[in-house]
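File shown: entry05.txt (compact mmCIF, C-alpha atoms).
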```txt
# COMPACT_ATOMS: atom_id res chain seq x y z
CA MET A 1 148.00 18.56 63.56
CA ALA A 2 147.52 18.90 67.31
CA LYS A 3 147.19 22.13 69.19
CA ILE A 4 147.01 21.94 72.97
CA SER A 5 145.67 24.83 75.01
CA GLY A 6 148.43 26.33 77.14
CA VAL A 7 151.25 25.17 74.84
CA LEU A 8 152.89 27.57 72.39
CA THR A 9 154.97 26.60 69.35
CA VAL A 10 157.70 29.23 69.21
CA ARG A 11 159.86 27.62 66.51
CA ASN A 12 158.81 25.49 63.52
CA GLN A 13 155.05 25.27 63.98
CA PRO A 14 154.47 22.25 61.67
CA LYS A 15 157.07 20.17 63.49
CA GLY A 16 155.85 21.42 66.87
CA GLU A 17 152.25 20.47 66.16
CA ALA A 18 153.35 17.09 64.78
CA PHE A 19 155.33 16.44 67.97
CA LEU A 20 152.35 17.43 70.13
CA GLU A 21 150.17 15.05 68.15
CA GLN A 22 152.64 12.25 68.89
CA ILE A 23 152.55 12.83 72.64
CA SER A 24 148.91 13.90 73.07
CA GLY A 25 147.11 11.56 75.45
CA LYS A 26 150.29 9.54 76.03
CA LYS A 27 152.03 8.82 79.33
CA PRO A 28 155.66 9.92 79.64
CA LEU A 29 158.48 9.16 82.02
CA PHE A 30 160.15 12.26 83.46
CA VAL A 31 163.92 11.96 83.97
CA LEU A 32 165.70 14.65 85.98
CA THR A 33 169.41 14.77 85.18
CA ILE A 34 171.34 16.39 88.03
CA ALA A 35 174.99 17.34 88.49
CA THR A 36 177.21 19.99 90.03
CA SER A 37 180.25 21.95 88.88
CA GLU A 38 182.62 24.55 90.24
CA THR A 39 181.47 26.88 87.45
CA GLY A 40 178.24 27.46 89.34
CA LYS A 41 180.27 28.91 92.22
CA ILE A 42 181.75 31.76 90.17
CA SER A 43 180.54 34.94 91.87
CA GLY A 44 177.67 36.59 90.00
CA ILE A 45 177.16 33.80 87.46
CA SER A 46 173.99 32.27 88.86
CA ALA A 47 171.12 33.14 91.17
CA ALA A 48 171.79 29.74 92.72
CA GLY A 49 175.35 30.88 93.36
CA LYS A 50 174.75 33.93 95.55
CA MET A 51 176.03 31.72 98.36
CA PRO A 52 178.47 29.52 96.41
CA GLU A 53 178.83 26.92 99.14
CA ILE A 54 175.18 25.87 98.84
CA THR A 55 175.17 25.22 95.08
CA ASP A 56 176.26 21.61 95.70
CA TYR A 57 172.94 21.11 97.50
CA THR A 58 170.68 22.67 94.85
CA PRO A 59 170.38 19.69 92.43
CA PRO A 60 169.83 17.02 95.13
CA ALA A 61 167.31 19.30 96.86
CA ASP A 62 165.42 19.70 93.57
CA ALA A 63 165.38 15.91 93.15
CA GLU A 64 164.09 15.40 96.67
CA LEU A 65 161.35 17.97 96.19
CA LEU A 66 160.17 16.20 93.03
CA LEU A 67 159.97 12.81 94.68
CA LEU A 68 159.13 13.65 98.29
CA GLY A 69 157.53 17.09 98.20
CA LYS A 70 160.22 18.33 100.61
CA CYS A 71 164.00 18.55 100.92
CA LYS A 72 166.06 16.23 103.11
CA CYS A 73 169.67 17.08 102.21
CA PHE A 74 169.34 20.39 104.08
CA ASP A 75 166.98 21.90 106.62
CA GLY A 76 164.64 24.50 105.24
CA VAL A 77 162.40 25.35 102.35
CA PRO A 78 163.75 25.47 98.75
CA VAL A 79 163.03 29.14 98.17
CA THR A 80 165.15 32.29 98.07
CA PRO A 81 165.14 34.58 101.12
CA ASP A 82 162.55 36.64 99.19
CA GLY A 83 160.24 33.64 98.97
CA ILE A 84 160.85 32.88 95.29
CA PRO A 85 160.55 29.10 94.87
CA THR A 86 162.74 26.75 92.90
CA PRO A 87 161.22 25.85 89.51
CA ALA A 88 161.13 22.28 90.88
CA LEU A 89 157.86 23.41 92.50
CA ILE A 90 156.36 23.87 89.01
CA SER A 91 157.65 20.51 87.82
CA MET A 92 156.51 18.68 90.95
CA SER A 93 153.02 20.18 90.66
CA ALA A 94 152.69 19.38 86.95
CA LEU A 95 153.98 15.83 87.26
CA ARG A 96 151.78 15.03 90.25
CA LEU A 97 148.71 16.51 88.61
CA ALA A 98 149.25 14.33 85.53
CA ASP A 99 150.42 11.26 87.51
CA VAL A 100 153.76 11.09 85.65
CA PRO A 101 156.50 8.87 87.12
CA VAL A 102 159.88 10.43 87.92
CA LEU A 103 163.41 9.05 87.76
CA VAL A 104 166.50 10.95 88.90
CA ALA A 105 169.82 10.40 87.08
CA SER A 106 173.19 11.65 88.34
CA GLY A 107 175.82 12.98 85.97
CA GLY A 108 178.22 13.80 88.83
CA LEU A 109 177.43 15.09 92.33
CA ARG A 110 179.19 16.26 95.47
CA VAL A 111 176.06 15.81 97.61
CA LYS A 112 173.88 12.77 96.95
CA PRO A 113 170.09 13.15 97.14
CA GLN A 114 168.33 11.19 99.85
CA VAL A 115 166.08 9.51 97.30
CA PRO A 116 166.69 6.61 94.89
CA PHE A 117 168.60 7.68 91.78
CA LEU A 118 170.35 6.26 88.73
CA GLU A 119 174.13 6.62 89.00
CA LEU A 120 175.75 7.14 85.59
CA GLY A 121 179.29 7.14 86.96
CA GLY A 122 180.27 10.75 86.35
CA SER A 123 182.22 13.13 88.58
CA PRO A 124 181.41 16.69 89.70
CA GLY A 125 182.52 19.27 87.16
CA GLY A 126 185.43 21.67 87.50
CA ASP A 127 185.60 25.40 86.78
CA ILE A 128 185.41 25.97 83.02
CA ARG A 129 188.07 28.68 83.29
CA SER A 130 190.57 25.84 83.78
CA GLY A 131 189.80 24.40 80.34
CA LYS A 132 189.36 21.00 82.04
CA ALA A 133 185.72 21.05 83.09
CA VAL A 134 184.57 17.42 82.89
CA VAL A 135 186.33 14.05 83.04
CA ASP A 136 185.21 10.75 81.48
CA VAL A 137 182.72 12.43 79.13
CA ALA A 138 182.67 9.62 76.55
CA GLU A 139 182.19 6.95 79.22
CA VAL A 140 179.25 8.77 80.82
CA VAL A 141 177.63 9.35 77.42
CA GLU A 142 177.86 5.61 76.66
CA ARG A 143 176.42 4.60 80.04
CA ALA A 144 173.60 7.10 79.62
CA LYS A 145 172.88 5.75 76.12
CA VAL A 146 172.36 2.29 77.59
CA ALA A 147 170.05 3.76 80.24
CA GLY A 148 168.14 5.76 77.62
CA ARG A 149 167.54 2.69 75.45
CA HIS A 150 166.01 0.80 78.36
CA LEU A 151 164.04 3.71 79.80
CA ALA A 152 162.43 4.20 76.39
CA LYS A 153 160.81 0.78 76.83
CA LEU A 154 159.00 1.92 79.98
CA ALA A 155 156.94 4.83 78.64
CA ASP A 156 155.32 6.29 75.53
CA TYR A 157 157.92 9.05 75.49
CA LEU A 158 160.56 10.66 77.70
CA VAL A 159 160.69 14.15 79.16
CA ILE A 160 164.25 14.91 80.28
CA GLY A 161 165.04 17.89 82.51
CA GLU A 162 168.10 19.16 84.35
CA SER A 163 169.32 20.84 87.48
CA ILE A 164 172.85 22.26 87.65
CA PRO A 165 173.83 25.73 88.89
CA GLY A 166 175.81 27.76 86.36
CA GLY A 167 174.44 25.71 83.48
CA THR A 168 173.87 28.57 81.05
CA THR A 169 177.56 29.53 81.33
CA THR A 170 178.72 26.01 80.48
CA ALA A 171 176.10 25.96 77.71
CA LEU A 172 177.72 29.07 76.24
CA GLY A 173 181.08 27.31 76.60
CA VAL A 174 180.08 24.25 74.60
CA LEU A 175 178.20 26.24 71.98
CA SER A 176 181.18 28.56 71.48
CA ALA A 177 183.62 25.64 71.38
CA MET A 178 181.49 24.02 68.66
CA GLY A 179 181.24 27.17 66.56
CA VAL A 180 177.71 28.26 67.46
CA LYS A 181 177.34 32.03 67.95
CA ALA A 182 175.66 32.28 71.33
CA GLU A 183 177.35 35.19 73.09
CA GLY A 184 174.57 37.41 74.44
CA LYS A 185 171.99 34.73 73.62
CA VAL A 186 171.97 32.34 76.62
CA SER A 187 169.43 32.97 79.34
CA SER A 188 169.87 33.57 83.07
CA SER A 189 168.03 32.79 86.28
CA MET A 190 168.49 36.45 87.22
CA PRO A 191 166.56 39.44 85.83
CA LEU A 192 169.85 41.13 84.83
CA ASN A 193 171.63 38.61 82.62
CA PRO A 194 175.42 38.68 83.37
CA HIS A 195 176.49 38.11 79.77
CA ASP A 196 179.91 39.73 80.20
CA LEU A 197 180.81 37.44 83.12
CA LYS A 198 179.77 34.37 81.15
CA ILE A 199 181.65 35.41 78.03
CA GLU A 200 184.80 36.14 80.05
CA ALA A 201 184.64 32.74 81.78
CA VAL A 202 184.11 30.90 78.49
CA ARG A 203 186.91 32.71 76.66
CA SER A 204 189.26 32.02 79.56
CA GLY A 205 188.36 28.35 79.47
CA LEU A 206 188.82 28.01 75.73
CA ALA A 207 192.18 29.78 75.92
CA ALA A 208 193.28 27.51 78.77
CA ALA A 209 192.32 24.53 76.61
CA GLY A 210 194.50 25.89 73.84
CA GLY A 211 191.61 26.73 71.55
CA GLY A 212 188.99 29.34 70.75
CA PHE A 213 185.65 29.79 69.04
CA GLY A 214 184.85 26.75 66.89
CA SER A 215 187.94 24.78 67.94
CA PHE A 216 185.79 21.76 68.81
CA GLY A 217 183.37 22.00 65.88
CA ASP A 218 183.81 18.30 65.10
CA ASP A 219 184.47 17.13 68.65
CA PRO A 220 181.42 17.44 70.94
CA ILE A 221 183.00 15.14 73.55
CA GLY A 222 186.06 17.39 73.69
CA ALA A 223 183.89 20.51 73.91
CA VAL A 224 182.06 19.17 76.97
CA GLY A 225 185.32 17.99 78.52
CA CYS A 226 186.97 21.41 78.22
CA VAL A 227 184.18 23.92 78.86
CA GLY A 228 180.98 21.97 79.59
CA ASP A 229 179.46 20.34 82.65
CA PRO A 230 178.68 16.74 83.69
CA MET A 231 174.92 17.17 83.25
CA MET A 232 175.45 17.54 79.49
CA ALA A 233 177.21 14.20 79.11
CA ALA A 234 174.44 12.37 80.95
CA PHE A 235 171.62 14.27 79.25
CA ALA A 236 173.06 13.83 75.74
CA GLY A 237 173.53 10.11 76.29
CA LEU A 238 169.95 9.68 77.47
CA VAL A 239 168.66 11.47 74.36
CA LEU A 240 170.91 9.42 72.08
CA GLY A 241 169.73 6.17 73.66
CA ALA A 242 166.02 6.93 73.82
CA ALA A 243 165.18 9.04 70.77
CA GLY A 244 165.76 6.20 68.33
CA GLN A 245 162.73 4.48 69.85
CA VAL A 246 160.36 7.08 71.34
CA PRO A 247 159.81 10.85 71.19
CA VAL A 248 161.98 12.86 73.59
CA LEU A 249 161.05 16.27 74.95
CA MET A 250 164.19 18.08 76.08
CA ALA A 251 162.87 20.12 78.99
CA GLY A 252 164.76 23.33 79.68
CA GLY A 253 165.91 26.70 78.43
CA THR A 254 169.01 27.69 76.48
CA GLN A 255 171.02 24.90 78.14
CA MET A 256 169.09 22.54 75.89
CA THR A 257 170.72 24.11 72.83
CA ALA A 258 174.16 23.00 74.03
CA VAL A 259 172.91 19.45 74.58
CA LEU A 260 171.27 19.65 71.14
CA ALA A 261 174.61 20.61 69.59
CA VAL A 262 176.33 17.68 71.32
CA VAL A 263 173.67 15.20 70.18
CA ALA A 264 173.75 16.61 66.64
CA GLY A 265 177.51 16.14 66.58
CA LEU A 266 177.28 12.52 67.71
CA ASP A 267 174.15 11.24 65.90
CA ALA A 268 171.98 13.86 64.22
CA ASP A 269 169.56 11.22 62.90
CA VAL A 270 167.86 10.78 66.30
CA LEU A 271 166.85 14.45 66.37
CA CYS A 272 163.90 13.81 64.04
CA ASN A 273 162.20 12.48 67.20
CA VAL A 274 163.15 15.38 69.50
CA ALA A 275 161.69 18.76 70.49
CA ILE A 276 162.68 21.34 73.11
CA GLY A 277 160.09 22.26 75.72
CA THR A 278 160.61 25.45 77.72
CA THR A 279 158.56 28.17 79.43
CA ARG A 280 157.02 31.32 78.03
CA TRP A 281 159.43 33.26 80.26
CA VAL A 282 162.43 31.89 78.35
CA ALA A 283 160.76 32.12 74.94
CA ALA A 284 159.87 35.80 75.52
CA ASP A 285 163.12 36.75 77.28
CA LYS A 286 164.64 39.79 75.59
CA SER A 287 168.06 39.09 77.11
CA SER A 288 168.40 35.68 75.43
CA ASP A 289 167.50 34.00 72.13
CA ILE A 290 166.79 30.28 72.30
CA CYS A 291 165.40 30.12 68.75
CA GLY A 292 168.35 32.07 67.34
CA ILE A 293 170.72 29.49 68.80
CA VAL A 294 168.68 26.50 67.58
CA ASP A 295 168.60 28.04 64.09
CA GLN A 296 172.36 27.49 63.88
CA ILE A 297 172.30 23.84 64.95
CA VAL A 298 169.43 21.72 63.63
CA ASP A 299 165.79 22.14 62.62
CA VAL A 300 163.83 21.06 65.69
CA ALA A 301 160.65 22.50 67.17
CA VAL A 302 160.70 24.65 70.28
CA LEU A 303 157.55 24.49 72.42
CA ALA A 304 156.74 26.66 75.42
CA ALA A 305 154.37 26.23 78.34
CA ASP A 306 152.25 29.39 78.40
CA LEU A 307 152.47 29.77 82.18
CA ASP A 308 151.34 33.07 83.70
CA PHE A 309 151.79 33.80 87.39
CA GLY A 310 150.70 37.44 87.13
CA GLY A 311 147.38 36.67 88.79
CA SER A 312 148.86 34.57 91.59
CA ARG A 313 148.00 35.43 95.17
CA PHE A 314 151.64 34.92 96.17
CA ASP A 315 154.39 37.47 95.53
CA GLY A 316 156.98 34.67 95.36
CA LEU A 317 155.26 33.27 92.28
CA LYS A 318 154.48 36.68 90.75
CA ALA A 319 158.26 37.27 90.71
CA TYR A 320 158.54 34.85 87.79
CA GLU A 321 156.80 37.48 85.66
CA LYS A 322 159.71 39.84 86.40
CA GLY A 323 162.24 37.55 84.74
CA ILE A 324 163.48 35.85 87.89
CA VAL A 325 164.35 32.11 87.56
CA LYS A 326 162.35 31.56 84.30
CA GLU A 327 163.09 27.84 83.93
CA GLY A 328 164.85 24.84 85.45
CA VAL A 329 164.21 21.30 86.68
CA GLY A 330 162.25 20.72 83.47
CA ALA A 331 159.52 23.18 84.49
CA GLY A 332 158.40 24.01 80.96
CA GLY A 333 158.60 20.48 79.59
CA SER A 334 156.83 18.93 82.56
CA SER A 335 154.04 21.50 82.24
CA ILE A 336 153.71 20.75 78.51
CA ALA A 337 153.61 17.01 79.26
CA ALA A 338 150.91 17.50 81.91
CA MET A 339 148.73 19.54 79.56
CA ALA A 340 149.26 17.02 76.74
CA ARG A 341 148.62 14.00 78.98
CA PHE A 342 144.86 14.59 79.25
CA GLU A 343 144.51 16.56 76.03
CA GLY A 344 143.47 19.88 77.57
CA ALA A 345 141.85 18.72 80.82
CA ILE A 346 144.84 20.14 82.68
CA THR A 347 145.01 23.86 81.89
CA ARG A 348 147.47 26.56 82.83
CA GLU A 349 144.84 27.78 85.33
CA SER A 350 144.45 24.40 87.03
CA LEU A 351 148.23 24.02 86.99
CA LEU A 352 148.67 27.41 88.69
CA ALA A 353 146.12 26.41 91.34
CA GLU A 354 148.12 23.24 92.07
CA ILE A 355 151.40 25.19 92.16
CA GLU A 356 149.86 27.69 94.60
CA ARG A 357 148.56 24.87 96.79
CA ASN A 358 151.99 23.23 96.95
CA TYR A 359 153.73 26.58 97.48
CA ALA A 360 151.43 27.35 100.42
CA ALA A 361 152.14 23.93 101.92
CA LEU A 362 155.91 24.40 101.55
CA MET A 363 155.83 27.87 103.07
CA GLY A 364 153.37 27.02 105.83
CA LEU A 365 150.82 29.51 104.46
CA LYS A 366 147.04 29.32 104.22
```

Please express the file's structure as structure tokens.
Amino acid sequence: MAKISGVLTVRNQPKGEAFLEQISGKKPLFVLTIATSETGKISGISAAGKMPEITDYTPPADAELLLLGKCKCFDGVPVTPDGIPTPALISMSALRLADVPVLVASGGLRVKPQVPFLELGGSPGGDIRSGKAVVDVAEVVERAKVAGRHLAKLADYLVIGESIPGGTTTALGVLSAMGVKAEGKVSSSMPLNPHDLKIEAVRSGLAAAGGGFGSFGDDPIGAVGCVGDPMMAAFAGLVLGAAGQVPVLMAGGTQMTAVLAVVAGLDADVLCNVAIGTTRWVAADKSSDICGIVDQIVDVAVLAADLDFGGSRFDGLKAYEKGIVKEGVGAGGSSIAAMARFEGAITRESLLAEIERNYAALMGLK
């Protein structure tokens, strides 16, 4: 069984080590699934939503940063006013260090990224409080399955990440709709997790859809349509298409549990080839419980990149140790893939050095 320095197995160690052995020394393809929804604009729901009007630009900006090292869809640097960078900086650094190719896939956008991307034909999501959050879910899942089958032929395994503001709220929506107890368990990009806001939004959405907790236990497509987001449809389809052929590392935090529930409801057999890859910040987060959610769905491993920014020379990076951001844009999964790619030659220390170098370049620092 493989153990890779800098990678923690936080759920099901035998399966986690077996998965690491499968991907050790192998070259992945990283797929970033991006989408937007009106849910991300609910006041107080997301750190990305402090200025709701800019949330439509967050996913395309993340995609541009991954591929270009800078943003083109808006002028400026992808950091908060306090200098806290998007987790895309972590992903970009890890993927470049390990020479991993990147593909962007759209589940439904208002603002298109100014880079090449795979269009899966979805539409931007609505506000889950309406009970009509996503249209054409089944069609997007099927298109993404086709894409996943073909992408699996291009690499030893896939790492799939996401970028969508408000995604932990829609994750709670789908989990609740499918009968998974996740209230108080989904994570947040903010240090103070607004659980009450998320729960209120989800309950409103389920009521508007004429249902409640567990109403869509046997209908994952319906759950996403009522209280999900368009990223989930695209992401689930990619997993369904690829995991029958190659290992798939689902790169993200508690949002991955909602996608896991959808995949399990559509074709649980493919999940023998799947693991979740997140960050230590999510795994250790006292305000959420990724393993407690997975326990209710299916027996897959949860891995975590043991990143530590406490010794960074930049306050913007040190902020991650205070529970700000934590995960996103596949930061944990891309870091795990980088460390597995050269079987320990890329360490969390060398990764931090690369992240600091790229952060300094973005911020115009020395």

Measure the distance from atom CA of A:Val224 to atom CA of A:Ser187 in Å and round it to one decimal.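 These two atoms are separated by 18.9 Å.
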
Long-range neighbours of A:Val77 as a list in words, 9 Å cut-off, only C-alpha atoms, 5 positions minimum in chain: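 Final neighbour list, sorted by chain and number: Lys70, Cys71, Pro85, Leu362 and Met363 of chain A.
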
Counting all atoms listed in the file, what is within 7 Å of A:Thr39, bar same-chain residues fewer than 5 positions away, as a list in words? Gly126, Asp127, Ile128 and Gly166 of chain A

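Proximity to A:Ser176 was assessed for A:Ser350, A:Ser130, A:Thr257, A:Ser106 counting all atoms listed in the file; the smallest distance is recorded for A:Thr257.
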
Between atom CA of A:Leu103 and atom CA of A:Thr33, what distance in Å does the model show, to one decimal?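 Atom-to-atom, atom CA of A:Leu103 to atom CA of A:Thr33, that is 8.7 Å.
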
For A:Gly277, which of A:Leu154, A:Leu351, A:Leu303, A:Val10 is the closest residue, counting all atoms listed in the file?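 Going through A:Leu154, A:Leu351, A:Leu303, A:Val10 one by one, the smallest distance to A:Gly277 is for A:Leu303.
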
Contacts of stretch 73-153 of chain A with stretch 304-312 of chain A up to 12 Å, shortest pair per row, all atoms listed in the file, as CSV:
```
residue,atom,partner,partner_atom,distance
A:Ile90,CA,A:Leu307,CA,9.8
A:Ser91,CA,A:Ala305,CA,11.5
A:Ala94,CA,A:Ala305,CA,11.1
```

Excluding A:Gly184 and any residue of its chain fewer than 4 positions from it, enumerate the residues within 10 Å of it, using all atoms listed in the file, and give them as an MDAnalysis selection string. chainID A and resid 172 193:196 198:199 287:289

Quick one: everything within 8 Å of A:Ala258, counting all atoms listed in the file, minus sequence neighbours fewer than 5 positions away in the same chain. Send it as an NGL selection string. :A and (171-172 or 174-175 or 232)

Find, counting all atoms listed in the file, the residue in A:Val141, A:Ala201, A:Ala182, A:Ala338 that gets nearest to A:Val262. A:Val141

Counting all atoms listed in the file, closest pick from A:Asp156, A:Glu17, A:Asp56, A:Asp75 relative to A:Pro124 is A:Asp56

Within 8 Å of stretch 263-273 of chain A, which residues of stretch 202-249 of chain A show up? Give each one with its shortest atom-to-atom distance in Å (one decimal) and the two atoms involved, counting all atoms listed in the file, rows by chain then rising residue number, as a Markdown table.
```
| residue | atom | partner | partner_atom | distance |
| --- | --- | --- | --- | --- |
| A:Asp218 | CA | A:Gly265 | CA | 6.8 |
| A:Asp219 | CA | A:Gly265 | CA | 7.3 |
| A:Pro220 | CA | A:Gly265 | CA | 6.0 |
| A:Ala236 | CA | A:Val263 | CA | 5.8 |
| A:Gly237 | CA | A:Val263 | CA | 8.0 |
| A:Val239 | CA | A:Val263 | CA | 7.5 |
| A:Leu240 | CA | A:Val270 | CA | 6.7 |
| A:Ala243 | CA | A:Val270 | CA | 5.5 |
| A:Gly244 | CA | A:Val270 | CA | 5.4 |
| A:Val246 | CA | A:Asn273 | CA | 7.0 |
| A:Pro247 | CA | A:Asn273 | CA | 4.9 |
| A:Val248 | CA | A:Asn273 | CA | 6.4 |
```

Neighbour list for stretch 23-30 of chain A as a list in words, cut-off 7 Å, only C-alpha atoms, skip fewer than 5 positions in-chain: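 Residues meeting the cut-off are Val100, Pro101, Val102, Leu103, Ala155, Asp156, Tyr157, Leu158, Val159, Ile160, Ala340, Arg341, Phe342 and Glu343 of chain A.
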
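Going from atom CA of A:Thr36 over to atom CA of A:Ile221, you cover 18.1 Å.
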
Which is closest to A:Lys112 among A:Gly161, A:Pro59, A:Gly148, A:Gly210, if we use all atoms listed in the file? A:Pro59

Closest of A:Gln296, A:Gln255, A:Ser163, A:Thr9 to A:Pro60 - atom-to-atom distances counting all atoms listed in the file: A:Ser163

Need the axis-aligned box for stretch 9-23 of chain A with 8 Å each side, so what are the centre and edges in Å to one decimal, as AutoDock Vina command-line options?
```
--center_x 155.0 --center_y 20.7 --center_z 67.2 --size_x 25.7 --size_y 33.0 --size_z 27.0
```

Hey, can you pull every residue with an atom no more than 10 Å from (169.9, 18.5, 96.0), using all atoms listed in the file, and send it as number ranges by chain? A: 34-36, 54-65, 71-74, 78, 109-115, 163-164
